[in-house]
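Here is the file final20.txt (compact mmCIF, C-alpha atoms and all ligand atoms).
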# COMPACT_ATOMS: atom_id res chain seq x y z
CA MET A 1 155.53 70.76 40.69
CA HIS A 2 153.68 67.53 40.08
CA ASP A 3 153.59 66.23 36.59
CA VAL A 4 150.65 64.61 34.92
CA HIS A 5 151.54 61.35 33.25
CA SER A 6 149.58 60.74 30.15
CA GLU A 7 149.75 58.33 27.34
CA SER A 8 148.41 59.03 23.93
CA GLU A 9 148.03 57.04 20.79
CA SER A 10 147.29 58.03 17.28
CA ILE A 11 144.19 56.58 15.65
CA HIS A 12 143.75 57.55 11.97
CA GLY A 13 146.03 60.51 12.54
CA ARG A 14 144.02 61.77 15.51
CA VAL A 15 145.70 61.82 18.91
CA VAL A 16 143.54 60.17 21.58
CA VAL A 17 144.56 60.50 25.22
CA THR A 18 143.95 57.19 26.94
CA VAL A 19 145.15 57.04 30.54
CA ILE A 20 145.76 60.18 32.60
CA VAL A 21 147.58 59.51 35.87
CA LYS A 22 147.67 62.53 38.17
CA PRO A 23 149.70 62.06 41.38
CA MET A 24 148.15 63.40 44.60
CA GLU A 25 149.63 66.78 45.44
CA ASN A 26 152.16 66.97 48.29
CA ILE A 27 151.50 63.34 49.30
CA THR A 28 154.00 60.51 48.86
CA LEU A 29 151.41 58.01 47.59
CA GLY A 30 148.27 57.89 45.47
CA ALA A 31 147.22 59.05 42.04
CA GLU A 32 143.95 59.83 40.36
CA VAL A 33 143.36 58.01 37.10
CA THR A 34 140.98 59.39 34.49
CA GLY A 35 140.47 59.26 30.74
CA ILE A 36 139.38 55.62 30.69
CA ARG A 37 136.47 53.36 31.47
CA LEU A 38 137.66 50.39 33.49
CA ALA A 39 134.86 48.27 32.02
CA ASP A 40 136.21 48.84 28.54
CA LEU A 41 139.99 49.14 28.61
CA ALA A 42 141.84 49.73 25.36
CA PRO A 43 144.96 47.69 24.57
CA GLY A 44 147.86 49.15 26.51
CA ASP A 45 145.69 50.76 29.18
CA TRP A 46 146.05 47.84 31.59
CA ALA A 47 149.87 47.93 31.49
CA ARG A 48 149.78 51.67 32.23
CA ILE A 49 147.36 51.16 35.12
CA TYR A 50 149.42 48.34 36.61
CA ASP A 51 152.64 50.39 36.37
CA ALA A 52 150.87 53.27 38.15
CA PHE A 53 149.56 50.85 40.82
CA LEU A 54 153.13 49.74 41.57
CA GLU A 55 154.46 53.31 41.54
CA PHE A 56 151.78 55.12 43.55
CA GLY A 57 150.38 52.32 45.79
CA VAL A 58 146.83 53.75 45.67
CA LEU A 59 144.84 54.53 42.51
CA VAL A 60 141.57 56.46 42.57
CA PHE A 61 139.23 56.09 39.58
CA PRO A 62 136.38 58.58 39.94
CA GLY A 63 132.98 58.19 38.29
CA GLN A 64 133.36 54.60 37.08
CA HIS A 65 129.97 53.27 38.30
CA LEU A 66 131.03 49.68 37.63
CA THR A 67 128.47 46.90 37.80
CA GLU A 68 129.32 44.00 40.09
CA LYS A 69 130.43 41.96 37.08
CA GLU A 70 132.62 44.79 35.74
CA GLN A 71 134.27 45.24 39.13
CA ASN A 72 134.85 41.50 39.36
CA ASN A 73 136.53 41.49 35.94
CA PHE A 74 138.73 44.43 36.92
CA ALA A 75 139.68 42.66 40.20
CA LYS A 76 140.65 39.48 38.34
CA ARG A 77 143.19 41.42 36.26
CA PHE A 78 145.26 41.83 39.46
CA GLY A 79 145.25 38.12 40.26
CA GLU A 80 143.23 35.49 42.10
CA THR A 81 140.57 36.90 44.40
CA GLU A 82 140.10 35.83 48.01
CA GLN A 83 137.11 33.93 49.34
CA LEU A 84 136.18 36.11 52.32
CA SER A 85 133.04 34.26 53.31
CA PRO A 86 131.76 30.73 52.69
CA LEU A 87 128.65 32.33 51.18
CA GLN A 88 130.62 34.50 48.74
CA LYS A 89 129.65 33.63 45.16
CA GLY A 90 131.99 35.77 43.04
CA PRO A 91 135.22 37.74 43.44
CA SER A 92 133.62 40.64 45.35
CA VAL A 93 131.48 41.13 48.47
CA PRO A 94 129.42 43.97 49.95
CA ILE A 95 131.37 45.97 52.55
CA SER A 96 128.34 47.51 54.16
CA ASN A 97 126.63 48.31 57.42
CA LYS A 98 123.31 47.36 55.78
CA LYS A 99 122.30 43.78 56.56
CA PRO A 100 120.53 41.47 54.09
CA ASP A 101 117.20 42.21 55.83
CA GLY A 102 117.68 45.93 55.06
CA THR A 103 118.32 47.08 58.64
CA LEU A 104 121.63 48.64 59.70
CA ALA A 105 124.23 46.78 61.76
CA THR A 106 124.23 47.43 65.51
CA PRO A 107 126.96 46.85 68.13
CA ASN A 108 125.83 43.26 68.76
CA ASP A 109 126.41 42.23 65.13
CA GLN A 110 129.72 40.59 64.22
CA GLY A 111 129.79 42.66 61.01
CA TYR A 112 129.54 45.86 63.07
CA LYS A 113 132.50 44.83 65.23
CA LEU A 114 134.64 44.04 62.20
CA LEU A 115 133.72 47.32 60.45
CA ARG A 116 134.59 49.27 63.59
CA GLY A 117 137.83 47.32 63.98
CA ASN A 118 138.81 48.40 60.48
CA GLU A 119 139.06 51.96 61.77
CA GLY A 120 142.57 50.98 62.96
CA TRP A 121 145.50 51.11 60.52
CA HIS A 122 146.08 47.74 58.89
CA THR A 123 146.94 45.88 55.75
CA ASP A 124 144.56 43.12 54.66
CA SER A 125 144.71 39.42 55.50
CA THR A 126 148.05 39.50 57.37
CA TYR A 127 146.30 37.35 60.02
CA MET A 128 145.65 34.66 57.38
CA PRO A 129 148.33 32.17 56.26
CA LEU A 130 148.41 33.92 52.85
CA ALA A 131 148.36 37.73 53.11
CA SER A 132 146.77 39.91 50.45
CA LYS A 133 148.37 41.45 47.38
CA ALA A 134 145.85 44.20 46.73
CA ALA A 135 142.30 45.25 47.46
CA MET A 136 139.68 47.47 45.89
CA LEU A 137 136.50 49.19 46.97
CA SER A 138 133.77 50.82 44.94
CA ALA A 139 131.26 53.22 46.46
CA ILE A 140 127.52 52.62 46.08
CA GLU A 141 125.93 54.67 48.87
CA VAL A 142 127.92 56.77 51.33
CA PRO A 143 127.15 59.26 54.10
CA ASP A 144 127.79 62.94 53.33
CA GLN A 145 130.16 63.22 56.24
CA GLY A 146 132.81 60.80 57.55
CA GLY A 147 133.21 57.23 56.35
CA GLU A 148 136.29 58.06 54.30
CA THR A 149 139.04 55.52 53.66
CA GLU A 150 142.52 56.71 54.56
CA PHE A 151 145.80 55.33 53.23
CA ALA A 152 149.38 55.55 54.51
CA ASP A 153 152.60 55.00 52.55
CA MET A 154 154.78 52.48 54.37
CA ARG A 155 157.59 52.79 51.78
CA ALA A 156 158.03 56.49 52.51
CA ALA A 157 157.76 55.73 56.25
CA TRP A 158 160.63 53.24 55.92
CA ASP A 159 162.69 55.74 53.92
CA GLU A 160 162.31 58.27 56.76
CA LEU A 161 163.85 55.98 59.40
CA ASP A 162 167.51 56.37 60.35
CA PRO A 163 169.85 53.56 59.26
CA THR A 164 170.33 52.20 62.82
CA THR A 165 166.57 51.88 63.36
CA GLN A 166 166.19 50.33 59.91
CA GLU A 167 168.84 47.75 60.74
CA GLU A 168 167.19 46.90 64.08
CA LEU A 169 163.72 46.58 62.57
CA GLU A 170 164.95 44.31 59.82
CA GLN A 171 165.86 41.71 62.45
CA LEU A 172 162.31 41.60 63.86
CA SER A 173 159.14 39.65 63.16
CA ALA A 174 155.66 39.85 64.66
CA TYR A 175 152.64 37.58 64.93
CA HIS A 176 149.40 38.71 63.31
CA SER A 177 145.95 37.96 64.70
CA LEU A 178 142.46 39.29 64.07
CA TYR A 179 141.47 38.19 67.59
CA TYR A 180 144.26 40.41 68.93
CA SER A 181 143.37 43.50 66.89
CA GLN A 182 139.66 43.12 67.59
CA GLU A 183 140.32 42.69 71.31
CA ARG A 184 142.32 45.93 71.34
CA ALA A 185 139.47 47.64 69.52
CA GLY A 186 137.19 46.46 72.36
CA PHE A 187 135.57 43.46 70.65
CA LYS A 188 135.72 39.80 71.62
CA HIS A 189 135.05 37.04 69.09
CA THR A 190 134.63 33.30 69.21
CA THR A 191 136.30 30.93 66.76
CA ASP A 192 133.74 30.57 63.98
CA ASN A 193 136.20 29.63 61.21
CA ILE A 194 134.56 32.04 58.77
CA TYR A 195 137.47 34.36 57.95
CA GLY A 196 140.24 35.47 60.25
CA LEU A 197 138.47 34.11 63.34
CA HIS A 198 140.01 30.73 62.69
CA ASP A 199 142.05 27.98 64.32
CA LYS A 200 144.81 28.09 61.68
CA GLY A 201 147.17 29.89 64.08
CA ALA A 202 148.82 33.31 63.96
CA PRO A 203 151.24 33.90 61.06
CA LEU A 204 154.72 35.16 61.98
CA ARG A 205 155.77 37.88 59.51
CA PRO A 206 158.84 40.09 59.15
CA VAL A 207 158.28 43.64 60.44
CA ILE A 208 159.90 45.01 57.28
CA LYS A 209 158.70 43.75 53.91
CA LYS A 210 160.55 43.91 50.63
CA HIS A 211 158.04 44.45 47.86
CA PRO A 212 158.11 41.40 45.57
CA GLU A 213 157.74 43.49 42.40
CA THR A 214 159.40 46.86 43.05
CA GLY A 215 162.03 45.73 45.58
CA ARG A 216 161.20 48.74 47.83
CA LYS A 217 161.16 48.11 51.57
CA SER A 218 158.26 49.11 53.80
CA ILE A 219 156.92 48.77 57.35
CA TYR A 220 154.58 45.79 57.39
CA THR A 221 152.87 45.68 60.78
CA GLY A 222 149.53 47.43 61.46
CA ARG A 223 146.82 46.69 64.02
CA HIS A 224 146.93 42.91 63.65
CA ALA A 225 150.65 42.71 64.60
CA TYR A 226 151.68 41.75 68.15
CA GLY A 227 154.18 39.75 70.20
CA ILE A 228 157.59 40.35 68.62
CA PRO A 229 159.70 37.30 69.55
CA GLY A 230 162.55 38.32 71.88
CA MET A 231 160.54 41.12 73.52
CA THR A 232 158.02 41.25 76.32
CA TYR A 233 154.41 41.75 75.31
CA GLU A 234 154.57 45.33 76.57
CA GLN A 235 157.86 46.22 74.83
CA SER A 236 156.48 44.83 71.61
CA ARG A 237 153.21 46.73 71.91
CA VAL A 238 155.00 50.02 72.62
CA LEU A 239 157.38 49.55 69.68
CA LEU A 240 154.62 48.57 67.23
CA ASP A 241 152.31 51.40 68.33
CA LYS A 242 155.07 53.99 68.01
CA LEU A 243 156.11 52.66 64.62
CA MET A 244 152.57 53.07 63.26
CA GLU A 245 152.01 56.43 64.93
CA ASN A 246 155.14 57.91 63.34
CA ALA A 247 154.55 56.25 59.98
CA CYS A 248 150.94 57.30 59.44
CA GLN A 249 151.53 61.04 59.28
CA SER A 250 151.51 63.73 56.62
CA PRO A 251 152.85 63.80 53.88
CA ARG A 252 152.46 60.01 53.79
CA THR A 253 148.67 59.84 54.16
CA TYR A 254 145.80 60.31 51.72
CA LYS A 255 142.17 60.38 52.87
CA HIS A 256 139.66 59.44 50.20
CA LYS A 257 136.24 61.07 50.46
CA TRP A 258 133.88 58.71 48.64
CA THR A 259 131.46 59.71 45.92
CA PRO A 260 129.16 56.98 44.53
CA GLY A 261 130.76 55.52 41.40
CA ASP A 262 134.36 55.83 42.67
CA ILE A 263 136.61 52.82 42.67
CA VAL A 264 139.88 52.77 44.59
CA VAL A 265 142.56 50.05 44.44
CA TRP A 266 145.60 49.77 46.71
CA ASP A 267 148.71 47.67 47.14
CA ASN A 268 148.45 45.78 50.43
CA ARG A 269 152.16 44.93 50.29
CA CYS A 270 153.28 48.51 51.02
CA VAL A 271 150.21 50.58 52.02
CA MET A 272 148.20 50.67 55.26
CA HIS A 273 144.58 51.78 55.30
CA ARG A 274 141.76 52.45 57.74
CA ALA A 275 138.10 53.42 57.61
CA ARG A 276 137.07 56.70 59.23
CA PRO A 277 134.07 56.92 61.59
CA TYR A 278 130.63 58.06 60.41
CA ASP A 279 127.07 58.34 61.69
CA GLU A 280 126.10 54.67 62.06
CA SER A 281 122.42 55.42 61.67
CA LEU A 282 123.15 56.08 57.98
CA PRO A 283 123.95 53.44 55.34
CA ARG A 284 127.50 53.15 54.01
CA ILE A 285 127.57 50.65 51.17
CA LEU A 286 130.74 49.75 49.32
CA ARG A 287 131.68 46.70 47.27
CA GLY A 288 135.08 45.14 47.89
CA ALA A 289 137.39 42.59 46.34
CA ARG A 290 140.61 41.33 47.84
CA ILE A 291 143.41 39.91 45.69
CA SER A 292 145.47 36.99 47.06
CA GLY A 293 149.18 37.42 47.66
CA ASP A 294 151.79 35.29 45.94
CA PRO A 295 152.56 32.20 48.05
CA GLU A 296 156.26 32.79 47.23
CA THR A 297 156.26 36.08 49.13
CA GLU A 298 153.02 36.42 51.15
CA LEU A 299 152.63 32.96 52.71
CA ALA A 300 153.78 32.67 56.34
CA GLU A 301 154.08 29.84 58.84
CA THR A 302 151.48 29.97 61.60
CA PHE A 303 151.90 29.40 65.34
CA GLU A 304 149.41 28.81 68.11
CA ASP A 305 147.15 31.81 68.76
CA GLN A 306 146.23 31.79 72.47
CA ARG A 307 143.06 33.76 71.75
CA ALA A 308 141.64 31.16 69.35
CA GLU A 309 139.80 28.03 70.35
CA GLY A 310 142.08 25.27 69.04
CA PHE A 311 145.07 25.14 66.70
CA LEU A 312 145.06 23.31 63.38
CA PRO A 313 148.03 24.73 61.40
CA SER A 314 147.16 25.40 57.79
CA GLN A 315 148.66 27.00 54.69
CA SER A 316 145.23 27.62 53.19
CA ASN A 317 143.02 30.66 53.72
CA LEU A 318 139.93 28.63 52.84
CA SER A 319 137.50 28.29 55.71
CA SER A 320 137.04 24.87 57.28
CA ALA A 321 133.40 25.95 57.65
CA GLN A 322 132.87 25.56 53.90
CA ASN A 323 134.11 21.96 53.61
FE FE B 1 141.01 46.46 55.17
Can you turn what I pasted into structure tokens?
Amino acid sequence: MHDVHSESESIHGRVVVTVIVKPMENITLGAEVTGIRLADLAPGDWARIYDAFLEFGVLVFPGQHLTEKEQNNFAKRFGETEQLSPLQKGPSVPISNKKPDGTLATPNDQGYKLLRGNEGWHTDSTYMPLASKAAMLSAIEVPDQGGETEFADMRAAWDELDPTTQEELEQLSAYHSLYYSQERAGFKHTTDNIYGLHDKGAPLRPVIKKHPETGRKSIYTGRHAYGIPGMTYEQSRVLLDKLMENACQSPRTYKHKWTPGDIVVWDNRCVMHRARPYDESLPRILRGARISGDPETELAETFEDQRAEGFLPSQSNLSSAQN
């Protein structure tokens, strides 16, 4: 039995239900949140939403139809937003296969390669010095079939491991690189210093992350992780692949089928996600915002990335291309 969390308040003697949080059935993460308009939150609603975000890891808000400004304001409640492109003006950016000239991205476009790469399980910005806290997407135009976003609960995956494996994994770290993950997805990139394809080096991050707010442990690797120090390249690859394969299974996964107007937010500190394939001759237009991690807990030292052209260690995610 799954319970429905609701909060009500009395206004002039009338009970008004504000936030309804309905956990996904038979899945360890995710909840659907209704009964509110994110553009017009009543006092107390935000605290309830943030508590649910920490508890469920993924929140789905159907039928919100937020304007860009409304989504930006909602994103800013979670913290500082990341600058994902030197051209980015506000907190959010289009996540879309439609190019500014109106045509759809093709395999030669960098954007196409990055969108396709995102079909592998990952958590955002781990290849940057400062990894991400959270991210959100809203749906504008989506294909009828495919193009879903799928999420996996890395807290529950950790809980499933036997104590000996847990102890072993807690000793390990891995480097993270977008060049690496894109290469494995079949795409080569040059160092353009826009975002991720930088010369800042590859951050070295613990394989197991303790959530800075809930204290729960989770597997923190994904497609960008490689090269565990103390192992051969091959041993490391086999271990990391197996870890993800076992972790991203039912009942720990939720696949979100988009309807225009939906907004989904997730906790990048304990949840993996991936895009699902779709017919690339059709537009898929989402709007995304990424929230910066806390330097106390999400900043990592970087080391030379052999795949990048050059190495200028940095603690900043800001692109050198925008200076
Ligand atoms: Fe992502």
**OP:** Output the neighbourhood of ligand FE 1 (chain B) as a VMD selection string, that is, all protein and nucleic acid residues with some atom at most 8 Å from the ligand, counting all atoms listed in the file.
**Re:** chain A and resid 118 122 to 125 135 273 to 275
Same residues, C-alpha atoms, output as a compact mmCIF listing (two decimals), keeping the file's coordinate frame:
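Written output follows (out_13.txt):
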# COMPACT_ATOMS: atom_id res chain seq x y z
CA ASN A 118 138.81 48.40 60.48
CA HIS A 122 146.08 47.74 58.89
CA THR A 123 146.94 45.88 55.75
CA ASP A 124 144.56 43.12 54.66
CA SER A 125 144.71 39.42 55.50
CA ALA A 135 142.30 45.25 47.46
CA HIS A 273 144.58 51.78 55.30
CA ARG A 274 141.76 52.45 57.74
CA ALA A 275 138.10 53.42 57.61
Original post:
For A:Gln182, which residue out of A:Tyr50, A:Tyr233, A:Tyr127, A:Phe311 is the nearest one, using all atoms listed in the file?
Top reply: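 Of the candidates, the smallest distance to A:Gln182 is held by A:Tyr127.
Taking atom CA of A:Glu245 and atom CA of A:Val264 as the two end points, the separation is 24.0 Å.
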**OP:** Select, from A:Glu309, A:Glu55, A:Glu80, A:Glu234, the residue with the minimum atom-to-atom distance to A:Asp199, counting all atoms listed in the file.
**Re:**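 Nearest candidate to A:Asp199 out of A:Glu309, A:Glu55, A:Glu80, A:Glu234: A:Glu309.
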Near-A:Ser92 list (9 Å; all atoms listed in the file; drop same-chain fewer than 5 positions) as a PDB file with C-alpha atoms, in the frame of the given file:
ATOM      1  CA  GLU A  68     129.320  44.000  40.090  1.00  0.00           C
ATOM      2  CA  LYS A  69     130.430  41.960  37.080  1.00  0.00           C
ATOM      3  CA  GLN A  71     134.270  45.240  39.130  1.00  0.00           C
ATOM      4  CA  ASN A  72     134.850  41.500  39.360  1.00  0.00           C
ATOM      5  CA  ALA A  75     139.680  42.660  40.200  1.00  0.00           C
ATOM      6  CA  THR A  81     140.570  36.900  44.400  1.00  0.00           C
ATOM      7  CA  GLU A  82     140.100  35.830  48.010  1.00  0.00           C
ATOM      8  CA  GLN A  83     137.110  33.930  49.340  1.00  0.00           C
ATOM      9  CA  LEU A  84     136.180  36.110  52.320  1.00  0.00           C
ATOM     10  CA  ARG A 287     131.680  46.700  47.270  1.00  0.00           C
ATOM     11  CA  GLY A 288     135.080  45.140  47.890  1.00  0.00           C
ATOM     12  CA  ALA A 289     137.390  42.590  46.340  1.00  0.00           C
ATOM     13  CA  ARG A 290     140.610  41.330  47.840  1.00  0.00           C
TER      14      ARG A 290
END
Subject >> Residue among A:Tyr278, A:Ser177, A:Ile228, A:Asn268 lying closest to A:Arg307, counting only C-alpha atoms >> reply: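 Of A:Tyr278, A:Ser177, A:Ile228, A:Asn268, the one nearest A:Arg307, counting only C-alpha atoms, is A:Ser177.
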Original post:
Residues at most 12 Å from A:Phe78, counting all atoms listed in the file, excluding those fewer than 4 positions away in the same chain, as a PyMOL selection string?
Top reply: chain A and resi 46-47+49-51+53-54+71-74+82+91+132-136+265-267+289-294
Subject >> Counting all atoms listed in the file, the option among A:Leu130, A:Ala152, A:Ile194, A:Leu29 closest to A:Gln88 >> reply: A:Ile194
**OP:** Could you check which of A:Leu59, A:Val19, A:Met154, A:Leu282 is closest to A:Leu137, using only C-alpha atoms?
**Re:** A:Leu59
Original post:
In Å, with one decimal, what is the gap from atom CA of A:Leu115 to atom CA of A:Pro23?
Top reply: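 These two atoms are separated by 28.9 Å.
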Original post:
Using only C-alpha atoms, which residues sit within 12 Å of stretch 304-306 of chain A once same-chain residues fewer than 4 positions away are excluded, as JSON, numbers by chain?
Top reply: {"A": [127, 128, 175, 176, 177, 178, 179, 180, 191, 196, 197, 198, 199, 200, 201, 202, 203, 204, 226, 227, 310, 311, 312, 313, 314]}
**OP:** Starting from the point (151.6, 53.6, 54.3), work out which residues of protein, DNA or RNA have an atom no more than 9 Å away when counting only C-alpha atoms; state them as a ChimeraX atom specification.
**Re:** /A:29,57,151-157,218-220,247-249,252-253,270-273
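Proximity ranking of A:Gln145, A:Asn97, A:Thr221, A:Ser236 relative to A:Trp158 places A:Thr221 first, based on only C-alpha atoms.
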